[in-house]
Each structure stands twice: as C-alpha cells, then as structure tokens.
$ cat work_39.tsv   # TSV, C-alpha atoms and all ligand atoms
chain	number	residue	atom	x	y	z
A	1	MET	CA	19.74	48.36	69.67
A	2	LEU	CA	20.67	49.45	66.19
A	3	GLN	CA	23.76	47.21	66.41
A	4	GLN	CA	21.54	44.37	67.62
A	5	LEU	CA	19.30	44.83	64.56
A	6	ASP	CA	22.37	44.76	62.27
A	7	LEU	CA	23.43	41.50	63.90
A	8	ILE	CA	19.93	39.97	63.55
A	9	GLU	CA	19.92	40.84	59.84
A	10	LYS	CA	23.43	39.49	59.27
A	11	GLU	CA	22.75	36.19	61.06
A	12	ALA	CA	19.39	35.69	59.37
A	13	LEU	CA	20.86	36.28	55.88
A	14	ALA	CA	23.78	33.93	56.65
A	15	ALA	CA	21.36	31.23	57.82
A	16	LEU	CA	19.31	31.70	54.64
A	17	GLN	CA	22.39	30.81	52.53
A	18	ALA	CA	22.40	27.34	54.15
A	19	VAL	CA	18.74	26.70	53.28
A	20	ASN	CA	18.50	24.13	50.47
A	21	ASP	CA	14.87	23.09	50.17
A	22	GLU	CA	11.31	24.24	50.80
A	23	VAL	CA	11.09	22.53	54.20
A	24	ASP	CA	14.25	24.25	55.50
A	25	LEU	CA	12.93	27.53	54.15
A	26	GLY	CA	9.74	27.13	56.21
A	27	GLY	CA	11.86	26.50	59.34
A	28	TRP	CA	14.00	29.54	58.57
A	29	ARG	CA	10.87	31.70	58.28
A	30	VAL	CA	9.58	30.59	61.67
A	31	ALA	CA	13.04	31.19	63.25
A	32	HIS	CA	13.73	34.62	61.75
A	33	LEU	CA	10.38	36.18	60.90
A	34	GLY	CA	8.05	34.22	63.24
A	35	ARG	CA	6.24	35.57	66.29
A	36	SER	CA	9.02	34.60	68.72
A	37	SER	CA	11.94	35.47	66.43
A	38	PRO	CA	14.59	37.99	67.70
A	39	LEU	CA	13.36	40.57	65.18
A	40	MET	CA	9.72	40.38	66.32
A	41	LYS	CA	10.87	40.63	69.91
A	42	MET	CA	12.59	43.90	69.00
A	43	PHE	CA	9.22	45.20	67.73
A	44	ASP	CA	7.68	44.16	71.06
A	45	GLN	CA	10.33	46.18	72.91
A	46	LEU	CA	9.73	49.38	70.91
A	47	GLY	CA	7.09	50.51	73.41
A	48	THR	CA	9.56	50.44	76.29
A	49	LEU	CA	12.05	52.73	74.54
A	50	PRO	CA	12.41	56.43	75.22
A	51	LYS	CA	10.17	58.42	72.92
A	52	GLU	CA	13.01	60.05	70.92
A	53	GLU	CA	14.68	56.71	70.07
A	54	ARG	CA	11.53	55.00	68.84
A	55	PRO	CA	11.36	56.40	65.25
A	56	SER	CA	14.92	55.53	64.26
A	57	ILE	CA	14.84	52.04	65.85
A	58	GLY	CA	11.39	51.39	64.43
A	59	ARG	CA	12.46	52.47	60.93
A	60	ARG	CA	15.55	50.26	61.08
A	61	ALA	CA	13.52	47.28	62.39
A	62	ASN	CA	11.09	47.66	59.48
A	63	GLU	CA	14.00	47.85	57.03
A	64	VAL	CA	15.44	44.61	58.40
A	65	LYS	CA	12.02	42.96	58.20
A	66	ARG	CA	11.56	43.97	54.53
A	67	ALA	CA	15.13	42.89	53.72
A	68	LEU	CA	14.56	39.45	55.25
A	69	GLU	CA	11.19	39.02	53.49
A	70	SER	CA	12.60	39.93	50.12
A	71	ALA	CA	15.64	37.66	50.68
A	72	GLN	CA	13.23	34.84	51.52
A	73	THR	CA	11.20	35.42	48.33
A	74	SER	CA	14.24	35.40	46.08
A	75	ARG	CA	15.63	32.32	47.86
A	76	ALA	CA	12.30	30.53	47.32
A	77	GLY	CA	12.46	31.41	43.59
A	78	ALA	CA	16.01	30.11	43.35
A	79	LEU	CA	15.01	26.86	45.08
A	80	ARG	CA	12.13	26.30	42.66
A	81	GLN	CA	14.42	26.92	39.72
A	82	ASN	CA	16.93	24.42	41.10
A	83	ALA	CA	14.22	21.82	41.64
A	84	LEU	CA	13.07	22.26	38.03
A	85	LEU	CA	16.59	21.93	36.67
A	86	ARG	CA	17.14	18.84	38.78
A	87	SER	CA	14.00	17.16	37.54
A	88	LEU	CA	14.90	18.00	33.92
A	89	GLN	CA	18.31	16.42	34.46
A	90	MET	CA	16.92	13.31	36.14
A	91	GLU	CA	14.08	12.68	33.72
A	92	ARG	CA	15.83	13.75	30.55
A	93	LEU	CA	14.02	12.75	27.36
A	94	ASP	CA	16.46	11.24	24.89
A	95	VAL	CA	15.14	12.31	21.51
A	96	THR	CA	18.03	10.55	19.74
A	97	LEU	CA	16.53	7.10	20.46
A	98	PRO	CA	15.28	5.46	17.26
A	99	GLY	CA	11.50	5.19	17.02
A	100	ARG	CA	9.62	1.92	16.96
A	101	PRO	CA	9.41	0.67	13.38
A	102	ILE	CA	5.95	0.72	11.76
A	103	ALA	CA	4.99	-2.56	10.14
A	104	HIS	CA	4.68	-1.89	6.41
A	105	GLY	CA	2.12	-3.61	4.28
A	106	ARG	CA	3.20	-4.89	0.88
A	107	LEU	CA	1.61	-5.80	-2.39
A	108	HIS	CA	0.39	-9.30	-3.10
A	109	PRO	CA	2.78	-11.14	-5.46
A	110	VAL	CA	0.09	-11.35	-8.15
A	111	THR	CA	-0.57	-7.60	-7.87
A	112	GLN	CA	3.17	-6.99	-8.24
A	113	ASN	CA	3.21	-9.07	-11.43
A	114	LEU	CA	0.07	-7.37	-12.71
A	115	ARG	CA	1.62	-3.93	-12.25
A	116	GLU	CA	4.76	-5.00	-14.04
A	117	ILE	CA	2.63	-6.25	-16.94
A	118	TYR	CA	0.65	-2.97	-16.97
A	119	SER	CA	3.80	-0.89	-17.10
A	120	ILE	CA	5.35	-2.87	-19.96
A	121	PHE	CA	2.21	-2.54	-22.07
A	122	ALA	CA	1.71	1.08	-21.02
A	123	ASP	CA	5.11	1.82	-22.59
A	124	MET	CA	3.74	0.35	-25.83
A	125	GLY	CA	0.64	2.56	-25.69
A	126	PHE	CA	-1.89	0.14	-24.17
A	127	GLN	CA	-4.44	1.51	-21.70
A	128	VAL	CA	-6.05	-0.47	-18.87
A	129	TYR	CA	-9.74	-1.18	-19.52
A	130	ARG	CA	-11.81	-2.77	-16.75
A	131	SER	CA	-15.14	-4.47	-17.20
A	132	ARG	CA	-17.64	-6.31	-15.04
A	133	ASP	CA	-17.06	-9.68	-13.30
A	134	VAL	CA	-20.69	-10.75	-13.74
A	135	GLU	CA	-21.66	-11.33	-17.37
A	136	THR	CA	-24.40	-12.71	-19.53
A	137	ASP	CA	-23.97	-15.79	-21.69
A	138	GLU	CA	-24.24	-13.48	-24.69
A	139	PHE	CA	-21.14	-11.46	-23.79
A	140	ASN	CA	-19.16	-14.25	-22.18
A	141	PHE	CA	-19.69	-16.69	-25.07
A	142	GLN	CA	-22.01	-15.89	-27.94
A	143	LEU	CA	-20.56	-12.57	-29.12
A	144	LEU	CA	-17.08	-14.12	-28.85
A	145	ASN	CA	-18.05	-16.77	-31.38
A	146	PHE	CA	-18.93	-19.52	-28.88
A	147	PRO	CA	-22.42	-20.44	-30.10
A	148	PRO	CA	-24.65	-22.53	-27.81
A	149	HIS	CA	-23.40	-26.14	-27.64
A	150	HIS	CA	-20.03	-25.22	-29.15
A	151	PRO	CA	-17.52	-27.79	-27.83
A	152	ALA	CA	-15.08	-25.02	-26.81
A	153	ARG	CA	-17.49	-24.16	-23.99
A	154	GLU	CA	-16.51	-27.39	-22.30
A	155	MET	CA	-13.14	-25.88	-21.41
A	156	GLN	CA	-14.89	-23.19	-19.42
A	157	ASP	CA	-17.31	-24.71	-16.94
A	158	SER	CA	-19.06	-21.77	-15.35
A	159	PHE	CA	-20.79	-20.56	-12.21
A	160	TYR	CA	-24.31	-19.75	-13.40
A	161	ILE	CA	-26.37	-17.32	-11.36
A	162	SER	CA	-29.62	-17.66	-13.30
A	163	GLY	CA	-31.02	-19.76	-16.14
A	164	ASP	CA	-29.59	-23.01	-17.41
A	165	HIS	CA	-29.88	-22.81	-21.16
A	166	PRO	CA	-27.76	-20.58	-23.43
A	167	LYS	CA	-30.92	-19.48	-25.22
A	168	ASP	CA	-32.20	-17.92	-21.96
A	169	ASN	CA	-29.02	-15.81	-21.87
A	170	PRO	CA	-28.17	-16.82	-18.28
A	171	VAL	CA	-26.10	-14.64	-15.96
A	172	LEU	CA	-22.76	-16.10	-14.91
A	173	LEU	CA	-19.42	-15.20	-13.39
A	174	ARG	CA	-17.16	-14.48	-16.35
A	175	THR	CA	-14.89	-17.37	-17.29
A	176	HIS	CA	-12.37	-15.11	-19.01
A	177	THR	CA	-11.72	-11.37	-19.45
A	178	SER	CA	-12.60	-11.57	-23.16
A	179	PRO	CA	-16.18	-10.21	-22.83
A	180	GLY	CA	-14.41	-6.92	-22.06
A	181	GLN	CA	-13.23	-6.95	-25.71
A	182	ILE	CA	-16.82	-6.59	-26.88
A	183	HIS	CA	-17.63	-3.93	-24.27
A	184	ALA	CA	-14.53	-1.94	-25.21
A	185	MET	CA	-14.97	-2.20	-29.00
A	186	ARG	CA	-18.65	-1.21	-28.73
A	187	GLU	CA	-17.75	1.74	-26.49
A	188	TYR	CA	-15.01	2.89	-28.88
A	189	SER	CA	-17.01	2.33	-32.07
A	190	ALA	CA	-20.04	4.15	-30.63
A	191	THR	CA	-18.00	7.36	-30.56
A	192	ASN	CA	-17.68	7.29	-34.35
A	193	PRO	CA	-19.52	4.37	-36.02
A	194	GLU	CA	-18.34	5.25	-39.55
A	195	ASN	CA	-14.69	5.60	-38.62
A	196	PRO	CA	-14.20	3.87	-35.28
A	197	PRO	CA	-10.96	4.83	-33.52
A	198	PRO	CA	-8.14	2.30	-33.07
A	199	VAL	CA	-8.17	0.20	-29.90
A	200	ARG	CA	-5.10	-0.56	-27.83
A	201	ILE	CA	-6.05	-1.86	-24.40
A	202	ILE	CA	-5.25	-4.46	-21.79
A	203	LEU	CA	-8.09	-5.93	-19.77
A	204	PRO	CA	-7.09	-7.25	-16.34
A	205	GLY	CA	-9.43	-8.89	-13.87
A	206	MET	CA	-10.63	-11.88	-11.90
A	207	CYS	CA	-12.17	-14.84	-13.74
A	208	TYR	CA	-14.10	-17.80	-12.38
A	209	ARG	CA	-14.41	-21.39	-13.48
A	210	TYR	CA	-16.20	-24.32	-11.96
A	211	GLU	CA	-13.17	-26.56	-11.65
A	212	GLN	CA	-11.61	-28.95	-9.23
A	213	VAL	CA	-9.12	-27.05	-7.06
A	214	THR	CA	-5.65	-28.56	-7.45
A	215	ALA	CA	-2.03	-27.44	-7.25
A	216	ARG	CA	-2.39	-26.24	-10.87
A	217	SER	CA	-5.94	-24.88	-11.01
A	218	GLU	CA	-8.12	-22.65	-8.87
A	219	ILE	CA	-11.78	-21.67	-9.17
A	220	GLN	CA	-10.79	-18.01	-9.34
A	221	PHE	CA	-7.75	-16.47	-10.98
A	222	ASN	CA	-6.62	-13.32	-12.74
A	223	GLN	CA	-6.27	-12.82	-16.45
A	224	VAL	CA	-4.73	-10.04	-18.43
A	225	GLU	CA	-6.07	-9.80	-21.90
A	226	GLY	CA	-4.78	-7.51	-24.61
A	227	LEU	CA	-6.55	-6.15	-27.66
A	228	ALA	CA	-5.30	-4.05	-30.56
A	229	VAL	CA	-7.67	-3.16	-33.40
A	230	GLY	CA	-7.00	-0.85	-36.31
A	231	GLU	CA	-6.18	-0.75	-39.99
A	232	ARG	CA	-3.37	-2.91	-41.37
A	233	ILE	CA	-2.63	-4.73	-38.10
A	234	THR	CA	-0.97	-8.05	-38.92
A	235	MET	CA	0.30	-11.19	-37.25
A	236	GLY	CA	3.75	-9.53	-37.44
A	237	ASP	CA	2.52	-6.81	-35.04
A	238	LEU	CA	1.24	-9.53	-32.72
A	239	LYS	CA	4.56	-11.37	-32.70
A	240	GLY	CA	6.62	-8.20	-32.31
A	241	THR	CA	4.51	-6.89	-29.42
A	242	LEU	CA	4.48	-10.16	-27.51
A	243	SER	CA	8.16	-10.99	-28.14
A	244	ASP	CA	9.10	-7.56	-26.79
A	245	PHE	CA	6.85	-8.13	-23.79
A	246	ALA	CA	8.54	-11.50	-23.10
A	247	ARG	CA	12.01	-9.97	-23.28
A	248	ARG	CA	11.08	-7.20	-20.83
A	249	MET	CA	9.29	-9.57	-18.48
A	250	PHE	CA	11.69	-12.52	-18.48
A	251	GLY	CA	15.04	-11.17	-19.68
A	252	GLN	CA	16.55	-9.55	-22.76
A	253	HIS	CA	17.94	-12.78	-24.18
A	254	VAL	CA	14.85	-14.93	-23.80
A	255	ARG	CA	13.65	-16.47	-27.07
A	256	SER	CA	10.00	-17.10	-27.81
A	257	ARG	CA	8.04	-19.26	-30.25
A	258	PHE	CA	4.48	-19.47	-31.48
A	259	ARG	CA	2.59	-22.75	-31.94
A	260	ALA	CA	-0.68	-23.07	-33.85
A	261	SER	CA	-3.69	-23.49	-31.57
A	262	HIS	CA	-7.42	-22.91	-31.54
A	263	PHE	CA	-9.64	-20.35	-29.83
A	264	PRO	CA	-13.13	-19.53	-31.11
A	265	PHE	CA	-12.56	-15.76	-30.95
A	266	THR	CA	-9.28	-15.63	-32.88
A	267	GLU	CA	-8.27	-16.88	-36.31
A	268	PRO	CA	-5.50	-17.88	-36.73
A	269	SER	CA	-4.74	-18.70	-33.10
A	270	ALA	CA	-1.46	-19.51	-31.39
A	271	GLU	CA	0.12	-20.37	-28.06
A	272	MET	CA	3.26	-18.52	-27.15
A	273	ASP	CA	6.14	-20.26	-25.39
A	274	ILE	CA	9.30	-18.73	-24.00
A	275	GLU	CA	12.60	-20.49	-23.69
A	276	CYS	CA	12.87	-21.97	-20.19
A	277	PHE	CA	14.70	-19.39	-18.05
A	278	VAL	CA	15.83	-22.03	-15.57
A	279	CYS	CA	17.71	-24.36	-17.91
A	280	GLY	CA	18.11	-22.04	-20.92
A	281	GLY	CA	16.35	-24.52	-23.19
A	282	VAL	CA	18.35	-27.63	-22.27
A	283	GLY	CA	15.48	-29.27	-20.39
A	284	CYS	CA	14.65	-29.37	-16.66
A	285	PRO	CA	11.75	-30.37	-14.37
A	286	LEU	CA	10.14	-26.86	-14.61
A	287	CYS	CA	9.81	-27.07	-18.39
A	288	LYS	CA	9.07	-30.81	-18.24
A	289	ARG	CA	12.31	-31.44	-20.20
A	290	THR	CA	11.00	-29.58	-23.27
A	291	GLY	CA	13.10	-26.42	-22.86
A	292	TRP	CA	10.00	-24.26	-23.36
A	293	LEU	CA	7.38	-22.71	-21.05
A	294	GLU	CA	3.90	-21.82	-22.26
A	295	ILE	CA	2.96	-18.30	-21.12
A	296	LEU	CA	-0.04	-17.13	-23.14
A	297	GLY	CA	-2.60	-17.68	-25.88
A	298	CYS	CA	-3.09	-15.24	-28.74
A	299	GLY	CA	-4.32	-14.75	-32.29
A	300	MET	CA	-5.84	-12.41	-34.86
A	301	VAL	CA	-9.29	-11.23	-33.78
A	302	HIS	CA	-11.97	-13.31	-35.52
A	303	PRO	CA	-14.00	-11.34	-38.11
A	304	ILE	CA	-17.24	-12.24	-36.29
A	305	VAL	CA	-15.88	-10.76	-33.05
A	306	LEU	CA	-14.78	-7.57	-34.85
A	307	HIS	CA	-18.23	-7.30	-36.40
A	308	ASN	CA	-19.93	-7.84	-32.99
A	309	GLY	CA	-17.79	-5.04	-31.58
A	310	GLY	CA	-18.84	-2.60	-34.31
A	311	TYR	CA	-15.69	-2.82	-36.47
A	312	ASN	CA	-16.04	-3.74	-40.14
A	313	PRO	CA	-13.82	-6.84	-40.61
A	314	GLU	CA	-13.34	-5.90	-44.30
A	315	ARG	CA	-11.49	-2.81	-43.22
A	316	TYR	CA	-10.16	-3.47	-39.72
A	317	THR	CA	-8.01	-6.21	-38.28
A	318	GLY	CA	-6.63	-6.78	-34.83
A	319	PHE	CA	-4.84	-9.11	-32.50
A	320	ALA	CA	-5.69	-10.33	-29.01
A	321	PHE	CA	-3.82	-12.25	-26.33
A	322	GLY	CA	-4.49	-13.49	-22.83
A	323	MET	CA	-2.29	-14.62	-19.99
A	324	GLY	CA	-2.59	-15.64	-16.33
A	325	PRO	CA	-0.51	-13.52	-13.94
A	326	GLU	CA	-0.67	-16.30	-11.33
A	327	ARG	CA	0.83	-18.73	-13.84
A	328	ILE	CA	3.56	-16.22	-14.70
A	329	ALA	CA	4.26	-15.74	-10.98
A	330	LEU	CA	4.39	-19.55	-10.55
A	331	LEU	CA	7.02	-19.76	-13.27
A	332	ARG	CA	9.06	-16.75	-12.19
A	333	TYR	CA	9.23	-17.60	-8.49
A	334	ARG	CA	9.05	-21.38	-9.02
A	335	ILE	CA	6.04	-21.75	-6.77
A	336	GLU	CA	4.73	-25.32	-6.71
A	337	ASP	CA	1.11	-24.78	-5.75
A	338	ILE	CA	-1.27	-22.14	-7.14
A	339	ARG	CA	-3.45	-22.41	-4.02
A	340	TYR	CA	-0.81	-20.52	-1.99
A	341	PHE	CA	-1.90	-17.28	-3.69
A	342	TRP	CA	-5.35	-17.15	-2.09
A	343	THR	CA	-4.87	-18.89	1.28
A	344	ASN	CA	-3.51	-15.67	2.86
A	345	ASP	CA	-0.69	-17.45	4.65
A	346	MET	CA	1.75	-14.78	5.87
A	347	ARG	CA	4.69	-17.21	5.69
A	348	PHE	CA	4.12	-17.34	1.94
A	349	LEU	CA	3.20	-13.70	1.34
A	350	GLU	CA	6.09	-12.26	3.37
A	351	GLN	CA	8.59	-13.70	0.91
A	352	PHE	CA	7.55	-11.17	-1.73
A	353	ILE	CA	8.89	-7.75	-0.83
B	1	ZN	ZN	13.82	-25.83	-18.23
$ encode --input "work_39.tsv" --output "structure tokens"
Amino acid sequence: MLQQLDLIEKEALAALQAVNDEVDLGGWRVAHLGRSSPLMKMFDQLGTLPKEERPSIGRRANEVKRALESAQTSRAGALRQNALLRSLQMERLDVTLPGRPIAHGRLHPVTQNLREIYSIFADMGFQVYRSRDVETDEFNFQLLNFPPHHPAREMQDSFYISGDHPKDNPVLLRTHTSPGQIHAMREYSATNPENPPPVRIILPGMCYRYEQVTARSEIQFNQVEGLAVGERITMGDLKGTLSDFARRMFGQHVRSRFRASHFPFTEPSAEMDIECFVCGGVGCPLCKRTGWLEILGCGMVHPIVLHNGGYNPERYTGFAFGMGPERIALLRYRIEDIRYFWTNDMRFLEQFI
C-alpha cells in the first residue's frame, strides 16, 4: 500500500504540471483530492487494515495529502501570476505616445502692440499710469484747456451719461486718455506741493467717441498717452524721445518728421510722421503716395494744463504725446479695416501669434 501511495503522489504531481488555468485546476482537485479520488479511497480502506499497519500507512497517506494540497496552492499562485503577466503584456500602456496638444490662447494683436509700446517707454523710464474710463466734462475737457463751446470739442463727439451742458459738468465716457494727465499731475504734486516731483508716465486705455463706424474709425479704441514734466524739459527732449521710440518700434533706419499742428492742451503742438516702411519714402498706396505715415500727435504741455495739475508753469515744463495702438497695428500689419479688431473673428485673430 505504501508503494500505491507513492504512485498516487507521483501521478497526481505529474498531472498538476499539465494544468494551465483555474478551470483545469478545479478538475485536478476533484480528481486527486476529491471524495472519490484514489487517495481518499486509501483513507477509506485504512479501517480494513491490520492494526499494526495502520499507523505507518495512515501517516504516509496524510503526508501525500498535505503534499498534494501544498502543490495545488503553489500551482494556483503561479497561475495567477501568469494571468497577471499576460494581461500586462496584452494591455500594455504605451507611455511614449505624445499627448494631445492643449489649445493655447494668445494675446490680441492690439494688446501685443500695447505691450511693445510699454516696454520701449519702460526702458526710457516711463511708468504705466491708469485712470478711469468714465470722466466728468471738467477733467475730459475744461482742465485740458477745452473751455465750453471751444471748437476743438467738435472733434470729440462724446457719449454723455448725464447732463447736456458743459456748465453742469456732465459725466461722459472719456474721449481721450488725456484726463489722466490731470489726475497724475495732481497725485504727484500733492505729495510735495512746493517742489512737485518730476512726472514720466504713459497712460494707456480705452477711449470712446460718438462717431460713425467705418473702416477707419470705431466708437471705441485704445490710446497710449505719454507725459513728461520737470525742470528744463524742452522740445528737443520731445523729439529725441519720440524719434527713438519710432526707431525701436518700426526699424533702426526709419526717419521721422514733425509738422506743426494744434491741440488745446499743448503749445506748440505737432504731428509726428515716420517714413513709410513699405516704400521707404518713394510713395505707395499705404502712405497715399506721400512717403510718410502719421503715427502720433504731440507737443509741449500748455501752461494752463500744468497749472491745473499743480505744477507752476514758470518753473516747470513738459511734453505730451498720444497715439492709437490700433492705428499702429493697422500700419504695421497692413490691415485694411479697423473693425476687424473688435469683431472677435478667429480667422483674423489667429493670424497674430
Ligand atoms: Zn509708402
């Protein structure tokens, strides 16, 4: 019987080697450790054996049973491990695949131009000064030397929010960034009224005019204004600052010129032109065959404006200038219609990376 037990163990372990999945393993268990398996039948026969043989046969039968059970457990573990490896192989995650690109936003072309303007003036020591979009007639016109009924007001038809007579000081959407000059000078001069500090600022922001919307004019647009106030500031400083700006904005070889003009808040006043960067001054449709492109208005700050800002015009002088970043973008990118800037058409905006 001991030999029979050896044989049962040998055959069962050999059969276990051929088992390759959980289902086969269940079958193997029924066949070799189940109630009607050869091993269990041996246990059944123990009672019929002579008394002296029972302990040794019984011990051996139990040994075989434990050996088969432990072989089954380790086989089951090996099968699970194989199944895991197989599934890892089959469903391998390829981390080398490139990810899906994220759609990047980008800056509006006018914002790009504005930032370029900021950085050029920042290099020359100008700080950005922001002021309100909603103004009173006093700040938008009167303190800037546009008295009521002054003809220069006709250039700046306005959106009034309240009142309809300049004497009532109506509230309106600012028609230019220039009221910020008064706010800034008053803020600076308040810090030391006897010896107000020098001012060197640019004032960017949205302006509003009650105008017909056309390819060349919009009811809202940006302006960047500049203001420098101090002792011994001359027209030479104005020309030097703005010529340097033009070279950095439009190219190192670009020439500029100043033409006499009129603004109520500067005296003398000028318009600044740059040599046409398309034709180099020969004449083309962009410059209307003149060879020059107008880019900004400027002048020496009017004594009345200095006085209204808290600076004694006997002692202090200053220059101011103002330009439209949309107009500069129109010229630089040769855009034909200013309305493209605010219609939010992606086909237009996507061209400016
Ligand atoms: Zn030209």
$ residues_around --input "work_39.tsv" --residues "segment 73-78 of chain A" --least-positions-apart "4" --cutoff "8 Å" --atoms "only C-alpha atoms" --output "PyMOL selection string"
chain A and resi 16+22+25+69+82
$ closest_residue --input "work_39.tsv" --among "A:Pro268, A:Pro109, A:Gly58, A:Gly291" --to "ligand ZN 1 (chain B)" --atoms "all atoms listed in the file"
A:Gly291
$ residues_near_ligand --input "work_39.tsv" --ligand "ligand ZN 1 (chain B)" --cutoff "10 Å" --atoms "all atoms listed in the file" --output "PDB file with C-alpha atoms, in the frame of the given file"
ATOM      1  CA  GLU A 275      12.600 -20.490 -23.690  1.00  0.00           C
ATOM      2  CA  CYS A 276      12.870 -21.970 -20.190  1.00  0.00           C
ATOM      3  CA  PHE A 277      14.700 -19.390 -18.050  1.00  0.00           C
ATOM      4  CA  VAL A 278      15.830 -22.030 -15.570  1.00  0.00           C
ATOM      5  CA  CYS A 279      17.710 -24.360 -17.910  1.00  0.00           C
ATOM      6  CA  GLY A 280      18.110 -22.040 -20.920  1.00  0.00           C
ATOM      7  CA  GLY A 281      16.350 -24.520 -23.190  1.00  0.00           C
ATOM      8  CA  VAL A 282      18.350 -27.630 -22.270  1.00  0.00           C
ATOM      9  CA  GLY A 283      15.480 -29.270 -20.390  1.00  0.00           C
ATOM     10  CA  CYS A 284      14.650 -29.370 -16.660  1.00  0.00           C
ATOM     11  CA  PRO A 285      11.750 -30.370 -14.370  1.00  0.00           C
ATOM     12  CA  LEU A 286      10.140 -26.860 -14.610  1.00  0.00           C
ATOM     13  CA  CYS A 287       9.810 -27.070 -18.390  1.00  0.00           C
ATOM     14  CA  LYS A 288       9.070 -30.810 -18.240  1.00  0.00           C
ATOM     15  CA  ARG A 289      12.310 -31.440 -20.200  1.00  0.00           C
ATOM     16  CA  THR A 290      11.000 -29.580 -23.270  1.00  0.00           C
ATOM     17  CA  GLY A 291      13.100 -26.420 -22.860  1.00  0.00           C
ATOM     18  CA  TRP A 292      10.000 -24.260 -23.360  1.00  0.00           C
ATOM     19  CA  LEU A 293       7.380 -22.710 -21.050  1.00  0.00           C
TER      20      LEU A 293
END
$ closest_residue --input "work_39.tsv" --among "A:Thr96, A:Ser37, A:Asn192, A:Gln252" --to "Tyr311 of chain A" --atoms "all atoms listed in the file"
A:Asn192
$ residues_around --input "work_39.tsv" --residues "His307 of chain A" --least-positions-apart "6" --cutoff "12 Å" --atoms "only C-alpha atoms" --output "list in words"
Leu143, Leu144, Asn145, Gln181, Ile182, Met185, Arg186, Ser189, Pro193, Pro196, Val229, Phe265, Val301, Pro313, Glu314, Arg315, Tyr316, Thr317 and Gly318 of chain A
$ closest_residue --input "work_39.tsv" --among "A:Val64, A:Ile304, A:Val23, A:Ala14" --to "Phe43 of chain A" --atoms "only C-alpha atoms"
A:Val64
$ residues_around --input "work_39.tsv" --residues "Ser178 of chain A" --least-positions-apart "2" --cutoff "9 Å" --atoms "only C-alpha atoms" --output "ChimeraX atom specification"
/A:139-141,144,174-176,180-182,203,225-226,265,322
$ atom_distance --input "work_39.tsv" --atom1 "atom CA of Gln212 of chain A" --atom2 "atom CA of Arg327 of chain A"
16.7 Å
$ closest_residue --input "work_39.tsv" --among "A:Ala320, A:Val19, A:Ile353, A:Leu227" --to "Ile202 of chain A" --atoms "all atoms listed in the file"
A:Leu227
$ decode --input "work_39.tsv" --residues "segment 300-313 of chain A" --atoms "N, CA and C atoms" --output "compact mmCIF listing (two decimals), in the first residue's frame"
# COMPACT_ATOMS: atom_id res chain seq x y z
N MET A 300 4.35 120.52 -26.42
CA MET A 300 4.78 120.92 -25.08
C MET A 300 3.52 121.22 -24.26
N VAL A 301 3.49 120.69 -23.04
CA VAL A 301 2.27 120.82 -22.22
C VAL A 301 1.93 122.30 -22.03
N HIS A 302 0.67 122.64 -22.28
CA HIS A 302 0.20 124.02 -22.20
C HIS A 302 0.32 124.52 -20.75
N PRO A 303 0.77 125.78 -20.57
CA PRO A 303 0.92 126.29 -19.20
C PRO A 303 -0.36 126.16 -18.37
N ILE A 304 -1.52 126.32 -18.98
CA ILE A 304 -2.78 126.21 -18.22
C ILE A 304 -2.95 124.79 -17.69
N VAL A 305 -2.56 123.80 -18.51
CA VAL A 305 -2.69 122.40 -18.10
C VAL A 305 -1.71 122.10 -16.95
N LEU A 306 -0.49 122.60 -17.07
CA LEU A 306 0.49 122.43 -15.99
C LEU A 306 -0.06 123.02 -14.69
N HIS A 307 -0.59 124.22 -14.81
CA HIS A 307 -1.14 124.91 -13.64
C HIS A 307 -2.29 124.09 -13.03
N ASN A 308 -3.19 123.57 -13.90
CA ASN A 308 -4.32 122.78 -13.40
C ASN A 308 -3.87 121.48 -12.73
N GLY A 309 -2.68 121.01 -13.10
CA GLY A 309 -2.16 119.79 -12.48
C GLY A 309 -1.36 120.06 -11.22
N GLY A 310 -1.16 121.36 -10.88
CA GLY A 310 -0.43 121.67 -9.66
C GLY A 310 1.04 121.95 -9.89
N TYR A 311 1.45 122.16 -11.14
CA TYR A 311 2.85 122.48 -11.46
C TYR A 311 2.94 123.93 -11.93
N ASN A 312 3.82 124.69 -11.32
CA ASN A 312 3.98 126.10 -11.67
C ASN A 312 4.62 126.22 -13.06
N PRO A 313 3.86 126.75 -14.05
CA PRO A 313 4.39 126.80 -15.42
C PRO A 313 5.58 127.76 -15.57
